[in-house]
file entry08.cif (mmCIF, C-alpha atoms and all ligand atoms; chains and numbers go by the auth columns)
data_model
#
loop_
_atom_site.group_PDB
_atom_site.id
_atom_site.type_symbol
_atom_site.label_atom_id
_atom_site.label_comp_id
_atom_site.label_asym_id
_atom_site.label_seq_id
_atom_site.Cartn_x
_atom_site.Cartn_y
_atom_site.Cartn_z
_atom_site.B_iso_or_equiv
_atom_site.auth_seq_id
_atom_site.auth_asym_id
ATOM 1 C CA MET A 1 -7.792 30.603 -9.200 0.00 66 A
ATOM 2 C CA SER A 2 -6.598 33.462 -11.341 0.00 67 A
ATOM 3 C CA GLU A 3 -10.008 35.119 -11.299 0.00 68 A
ATOM 4 C CA LEU A 4 -9.879 35.208 -7.509 0.00 69 A
ATOM 5 C CA PHE A 5 -6.513 36.895 -7.669 0.00 70 A
ATOM 6 C CA GLN A 6 -7.679 39.353 -10.296 0.00 71 A
ATOM 7 C CA LYS A 7 -10.716 40.374 -8.241 0.00 72 A
ATOM 8 C CA ALA A 8 -8.613 40.734 -5.100 0.00 73 A
ATOM 9 C CA LEU A 9 -6.037 42.864 -6.889 0.00 74 A
ATOM 10 C CA VAL A 10 -8.658 45.136 -8.455 0.00 75 A
ATOM 11 C CA LYS A 11 -10.245 45.618 -5.026 0.00 76 A
ATOM 12 C CA ILE A 12 -7.056 47.106 -3.574 0.00 77 A
ATOM 13 C CA SER A 13 -6.147 49.214 -6.622 0.00 78 A
ATOM 14 C CA THR A 14 -7.265 52.708 -7.622 0.00 79 A
ATOM 15 C CA ILE A 15 -9.571 51.169 -10.192 0.00 80 A
ATOM 16 C CA SER A 16 -11.717 49.558 -7.498 0.00 81 A
ATOM 17 C CA GLU A 17 -14.597 52.084 -7.570 0.00 82 A
ATOM 18 C CA ASP A 18 -14.964 51.963 -11.354 0.00 83 A
ATOM 19 C CA TYR A 19 -15.089 48.210 -11.226 0.00 84 A
ATOM 20 C CA LYS A 20 -17.668 48.185 -8.445 0.00 85 A
ATOM 21 C CA SER A 21 -19.931 50.580 -10.319 0.00 86 A
ATOM 22 C CA ASN A 22 -19.775 48.281 -13.352 0.00 87 A
ATOM 23 C CA LYS A 23 -17.967 50.763 -15.550 0.00 88 A
ATOM 24 C CA LEU A 24 -15.333 48.159 -16.262 0.00 89 A
ATOM 25 C CA THR A 25 -15.257 44.445 -16.905 0.00 90 A
ATOM 26 C CA LEU A 26 -13.022 42.381 -14.657 0.00 91 A
ATOM 27 C CA GLN A 27 -10.582 41.854 -17.513 0.00 92 A
ATOM 28 C CA SER A 28 -10.131 45.540 -18.283 0.00 93 A
ATOM 29 C CA ALA A 29 -10.060 46.550 -14.613 0.00 94 A
ATOM 30 C CA TYR A 30 -7.431 43.917 -13.936 0.00 95 A
ATOM 31 C CA SER A 31 -5.263 44.896 -16.893 0.00 96 A
ATOM 32 C CA LEU A 32 -5.169 48.444 -15.474 0.00 97 A
ATOM 33 C CA ALA A 33 -4.734 47.337 -11.862 0.00 98 A
ATOM 34 C CA ARG A 34 -1.777 45.059 -12.483 0.00 99 A
ATOM 35 C CA ASN A 35 0.304 47.999 -13.724 0.00 100 A
ATOM 36 C CA GLU A 36 -0.125 49.868 -10.449 0.00 101 A
ATOM 37 C CA TRP A 37 1.969 47.399 -8.484 0.00 102 A
ATOM 38 C CA GLU A 38 5.642 46.726 -8.138 0.00 103 A
ATOM 39 C CA VAL A 39 7.698 44.373 -5.982 0.00 104 A
ATOM 40 C CA SER A 40 9.161 46.032 -2.894 0.00 105 A
ATOM 41 C CA PHE A 41 10.676 43.070 -1.061 0.00 106 A
ATOM 42 C CA ILE A 42 10.722 39.291 -0.941 0.00 107 A
ATOM 43 C CA ASP A 43 11.391 36.968 1.950 0.00 108 A
ATOM 44 C CA TYR A 44 10.482 33.664 3.501 0.00 109 A
ATOM 45 C CA ASN A 45 7.627 32.973 5.888 0.00 110 A
ATOM 46 C CA ASN A 46 8.570 30.853 8.872 0.00 111 A
ATOM 47 C CA ASN A 47 5.217 31.049 10.582 0.00 112 A
ATOM 48 C CA ASN A 48 2.186 29.416 9.075 0.00 113 A
ATOM 49 C CA ASP A 49 0.322 32.663 8.961 0.00 114 A
ATOM 50 C CA GLU A 50 0.516 34.262 5.542 0.00 115 A
ATOM 51 C CA ASN A 51 -1.842 34.024 2.613 0.00 116 A
ATOM 52 C CA CYS A 52 -1.610 35.390 -0.862 0.00 117 A
ATOM 53 C CA ILE A 53 -4.474 37.738 -1.738 0.00 118 A
ATOM 54 C CA CYS A 54 -5.824 34.834 -3.835 0.00 119 A
ATOM 55 C CA GLY A 55 -6.279 32.917 -0.581 0.00 120 A
ATOM 56 C CA HIS A 56 -3.426 30.427 -1.018 0.00 121 A
ATOM 57 C CA TYR A 57 -1.266 29.733 1.978 0.00 122 A
ATOM 58 C CA ILE A 58 2.265 30.852 1.072 0.00 123 A
ATOM 59 C CA LYS A 59 5.890 30.341 2.130 0.00 124 A
ATOM 60 C CA ASN A 60 7.609 32.566 -0.412 0.00 125 A
ATOM 61 C CA LEU A 61 6.413 36.083 0.235 0.00 126 A
ATOM 62 C CA VAL A 62 6.393 38.793 -2.400 0.00 127 A
ATOM 63 C CA TYR A 63 5.600 42.229 -0.955 0.00 128 A
ATOM 64 C CA ILE A 64 4.076 44.459 -3.566 0.00 129 A
ATOM 65 C CA GLU A 65 3.506 48.181 -3.389 0.00 130 A
ATOM 66 C CA ASN A 66 0.881 50.228 -5.141 0.00 131 A
ATOM 67 C CA LYS A 67 2.661 53.076 -6.930 0.00 132 A
ATOM 68 C CA ASN A 68 -0.397 55.349 -6.801 0.00 133 A
ATOM 69 C CA LEU A 69 -1.734 54.601 -3.346 0.00 134 A
ATOM 70 C CA GLY A 70 1.485 53.786 -1.489 0.00 135 A
ATOM 71 C CA THR A 71 -0.182 50.743 0.024 0.00 136 A
ATOM 72 C CA GLU A 72 1.342 47.315 0.381 0.00 137 A
ATOM 73 C CA ALA A 73 0.057 43.797 -0.124 0.00 138 A
ATOM 74 C CA ILE A 74 1.531 40.330 0.009 0.00 139 A
ATOM 75 C CA ILE A 75 1.287 37.788 -2.756 0.00 140 A
ATOM 76 C CA GLY A 76 2.864 34.392 -3.212 0.00 141 A
ATOM 77 C CA ASN A 77 4.922 33.050 -6.041 0.00 142 A
ATOM 78 C CA CYS A 78 1.666 31.328 -7.051 0.00 143 A
ATOM 79 C CA CYS A 79 0.427 34.639 -8.399 0.00 144 A
ATOM 80 C CA MET A 80 3.647 36.485 -9.093 0.00 145 A
ATOM 81 C CA LYS A 81 3.206 36.083 -12.824 0.00 146 A
ATOM 82 C CA GLN A 82 -0.099 37.912 -12.688 0.00 147 A
ATOM 83 C CA ILE A 83 1.320 41.328 -12.020 0.00 148 A
ATOM 84 C CA ASN A 84 3.850 43.082 -14.222 0.00 149 A
ATOM 85 C CA ILE A 85 7.193 42.127 -12.753 0.00 150 A
ATOM 86 C CA ASN A 86 10.345 42.776 -14.717 0.00 151 A
ATOM 87 C CA ASP A 87 12.447 40.702 -12.374 0.00 152 A
ATOM 88 C CA TYR A 88 10.301 37.589 -12.475 0.00 153 A
ATOM 89 C CA GLU A 89 13.116 35.188 -13.468 0.00 154 A
ATOM 90 C CA MET A 90 15.492 36.723 -10.946 0.00 155 A
ATOM 91 C CA ILE A 91 12.998 36.394 -8.100 0.00 156 A
ATOM 92 C CA LYS A 92 12.312 32.784 -9.064 0.00 157 A
ATOM 93 C CA LYS A 93 16.045 32.036 -8.805 0.00 158 A
ATOM 94 C CA ILE A 94 16.283 33.769 -5.429 0.00 159 A
ATOM 95 C CA PHE A 95 13.349 31.776 -4.025 0.00 160 A
ATOM 96 C CA LYS A 96 15.036 28.585 -5.203 0.00 161 A
ATOM 97 C CA ASN A 97 18.192 29.690 -3.421 0.00 162 A
ATOM 98 C CA PHE A 98 16.135 30.516 -0.286 0.00 163 A
ATOM 99 C CA ASN A 99 15.025 26.893 -0.213 0.00 164 A
ATOM 100 C CA GLU A 100 18.602 25.661 -0.472 0.00 165 A
ATOM 101 C CA LEU A 101 19.684 27.978 2.336 0.00 166 A
ATOM 102 C CA LYS A 102 16.708 26.867 4.371 0.00 167 A
ATOM 103 C CA ASN A 103 17.991 23.291 3.942 0.00 168 A
ATOM 104 C CA ASN A 104 21.354 24.453 5.298 0.00 169 A
ATOM 105 C CA GLU A 105 23.124 24.255 1.979 0.00 170 A
ATOM 106 C CA LEU A 106 26.035 26.673 1.825 0.00 171 A
ATOM 107 C CA LYS A 107 25.062 27.991 -1.588 0.00 172 A
ATOM 108 C CA LEU A 108 24.655 31.565 -2.711 0.00 173 A
ATOM 109 C CA LYS A 109 23.563 32.516 -6.196 0.00 174 A
ATOM 110 C CA LYS A 110 24.757 35.808 -7.615 0.00 175 A
ATOM 111 C CA GLU A 111 21.131 36.948 -7.843 0.00 176 A
ATOM 112 C CA THR A 112 20.726 36.453 -4.089 0.00 177 A
ATOM 113 C CA ILE A 113 24.015 38.211 -3.338 0.00 178 A
ATOM 114 C CA ASN A 114 23.071 41.215 -5.470 0.00 179 A
ATOM 115 C CA TYR A 115 19.583 41.377 -4.029 0.00 180 A
ATOM 116 C CA ALA A 116 20.836 41.158 -0.431 0.00 181 A
ATOM 117 C CA HIS A 117 23.196 44.014 -1.194 0.00 182 A
ATOM 118 C CA GLN A 118 20.492 46.082 -2.843 0.00 183 A
ATOM 119 C CA LYS A 119 18.375 45.661 0.296 0.00 184 A
ATOM 120 C CA ASN A 120 21.282 46.604 2.612 0.00 185 A
ATOM 121 C CA ILE A 121 21.474 43.159 4.178 0.00 186 A
ATOM 122 C CA ILE A 122 25.142 42.865 3.212 0.00 187 A
ATOM 123 C CA ASN A 123 27.669 45.652 2.620 0.00 188 A
ATOM 124 C CA ASP A 124 29.813 46.466 -0.430 0.00 189 A
ATOM 125 C CA TRP A 125 32.766 44.460 0.806 0.00 190 A
ATOM 126 C CA GLU A 126 30.657 41.393 1.569 0.00 191 A
ATOM 127 C CA LYS A 127 29.030 41.616 -1.843 0.00 192 A
ATOM 128 C CA SER A 128 32.347 41.667 -3.733 0.00 193 A
ATOM 129 C CA PHE A 129 33.744 38.971 -1.494 0.00 194 A
ATOM 130 C CA CYS A 130 30.789 36.678 -2.150 0.00 195 A
ATOM 131 C CA LEU A 131 30.654 37.321 -5.883 0.00 196 A
ATOM 132 C CA ASP A 132 34.346 36.543 -6.065 0.00 197 A
ATOM 133 C CA VAL A 133 34.353 33.524 -3.772 0.00 198 A
ATOM 134 C CA CYS A 134 31.185 31.902 -5.134 0.00 199 A
ATOM 135 C CA LYS A 135 33.046 31.137 -8.371 0.00 200 A
ATOM 136 C CA LYS A 136 35.831 29.321 -6.549 0.00 201 A
ATOM 137 C CA LYS A 137 35.927 25.578 -6.056 0.00 202 A
ATOM 138 C CA ASN A 138 38.187 25.745 -3.028 0.00 203 A
ATOM 139 C CA MET A 139 38.212 28.367 -0.344 0.00 204 A
ATOM 140 C CA THR A 140 40.808 28.942 2.304 0.00 205 A
ATOM 141 C CA LEU A 141 39.775 28.306 5.882 0.00 206 A
ATOM 142 C CA ALA A 142 39.430 32.025 6.525 0.00 207 A
ATOM 143 C CA GLN A 143 37.362 32.518 3.369 0.00 208 A
ATOM 144 C CA GLY A 144 35.114 29.624 4.343 0.00 209 A
ATOM 145 C CA LYS A 145 34.531 31.155 7.743 0.00 210 A
ATOM 146 C CA LYS A 146 33.679 34.561 6.288 0.00 211 A
ATOM 147 C CA TRP A 147 31.472 32.896 3.653 0.00 212 A
ATOM 148 C CA ARG A 148 29.422 31.170 6.336 0.00 213 A
ATOM 149 C CA SER A 149 29.062 34.364 8.331 0.00 214 A
ATOM 150 C CA VAL A 150 27.724 36.229 5.290 0.00 215 A
ATOM 151 C CA ILE A 151 25.328 33.361 4.610 0.00 216 A
ATOM 152 C CA ASP A 152 24.057 33.691 8.184 0.00 217 A
ATOM 153 C CA LYS A 153 23.556 37.411 7.696 0.00 218 A
ATOM 154 C CA ILE A 154 21.557 36.751 4.523 0.00 219 A
ATOM 155 C CA LYS A 155 19.512 34.050 6.241 0.00 220 A
ATOM 156 C CA ILE A 156 18.609 36.416 9.050 0.00 221 A
ATOM 157 C CA GLY A 157 17.818 39.234 6.595 0.00 222 A
ATOM 158 C CA PHE A 158 15.373 37.105 4.630 0.00 223 A
ATOM 159 C CA LYS A 159 13.987 35.273 7.674 0.00 224 A
ATOM 160 C CA LEU A 160 15.458 31.930 6.608 0.00 225 A
ATOM 161 C CA ILE A 161 16.421 31.050 10.176 0.00 226 A
HETATM 162 ZN ZN ZN B . -1.836 33.635 -5.047 0.00 301 B
#

call {"tool": "encode", "arguments": {"input": "entry08.cif", "output": "structure tokens"}}
result
Amino acid sequence: MSELFQKALVKISTISEDYKSNKLTLQSAYSLARNEWEVSFIDYNNNNDENCICGHYIKNLVYIENKNLGTEAIIGNCCMKQININDYEMIKKIFKNFNELKNNELKLKKETINYAHQKNIINDWEKSFCLDVCKKKNMTLAQGKKWRSVIDKIKIGFKLI
């Protein structure tokens, strides 16, 4: 499985020509290629129409961008570990939270709140409100109402509805 991913990644990286002309082994081409990519966005796939470049059908989408070419590709969490991602643990937590939200749980992890803010899905006020309220055991009625409306905003932003 990982060889499929490696070949696919090399093919869409700047190193592609050198690999094709046999100047590089797959291993060395891949170790160069994986550094060209960074995560640009993550969200959830509601339609059964996305595949990771390794061929796997995927629900959790990781959009990656090639820093040299400016091109974009989609991978799944199946292959997320195969490129150099600093935020790997954070993204894993957010995907777990996506699943909970998808199951209509009213849960927001601080990682999801921060990420939604970073991607302009929620504003500064909503971010501080959520970070503050998510620590509380009991919310007032008004807080609960606002909490649910921010959750809806996040669900729409990450295609969880
Ligand atoms: Zn994959």

call {"tool": "resolve_selection", "arguments": {"input": "entry08.cif", "expression": "the PyMOL selection byres (((chain A and resi 91) around 12) and not hetatm)", "output": "VMD selection string"}}
result
chain A and resid 67 to 76 80 to 81 83 to 90 92 to 99

call {"tool": "atom_distance", "arguments": {"input": "entry08.cif", "atom1": "CA of Asp217 (chain A)", "atom2": "CA of Gln183 (chain A)"}}
result
17.0 Å

call {"tool": "resolve_selection", "arguments": {"input": "entry08.cif", "expression": "the PyMOL selection byres (((not hetatm)) within 6 of (chain B and resi 301))", "output": "ChimeraX atom specification"}}
result
/A:117-119,121,140-141,143-144

call {"tool": "resolve_selection", "arguments": {"input": "entry08.cif", "expression": "the PyMOL selection byres (((chain A and resi 194-200) around 9) and not hetatm)", "output": "PyMOL selection string"}}
result
chain A and resi 172-175+178-179+189-193+201-204+208+211-212+215

call {"tool": "residues_near_point", "arguments": {"input": "entry08.cif", "point": "(7.4, 46.8, -1.5)", "cutoff": "6 Å", "atoms": "only C-alpha atoms", "output": "ChimeraX atom specification"}}
result
/A:104-106,128-130

call {"tool": "write_last_selection", "arguments": {"input": "entry08.cif", "atoms": "C-alpha atoms", "output": "PDB file, in the frame of the given file"}}
result
ATOM      1  CA  VAL A 104       7.698  44.373  -5.982  1.00  0.00           C
ATOM      2  CA  SER A 105       9.161  46.032  -2.894  1.00  0.00           C
ATOM      3  CA  PHE A 106      10.676  43.070  -1.061  1.00  0.00           C
ATOM      4  CA  TYR A 128       5.600  42.229  -0.955  1.00  0.00           C
ATOM      5  CA  ILE A 129       4.076  44.459  -3.566  1.00  0.00           C
ATOM      6  CA  GLU A 130       3.506  48.181  -3.389  1.00  0.00           C
TER       7      GLU A 130
END
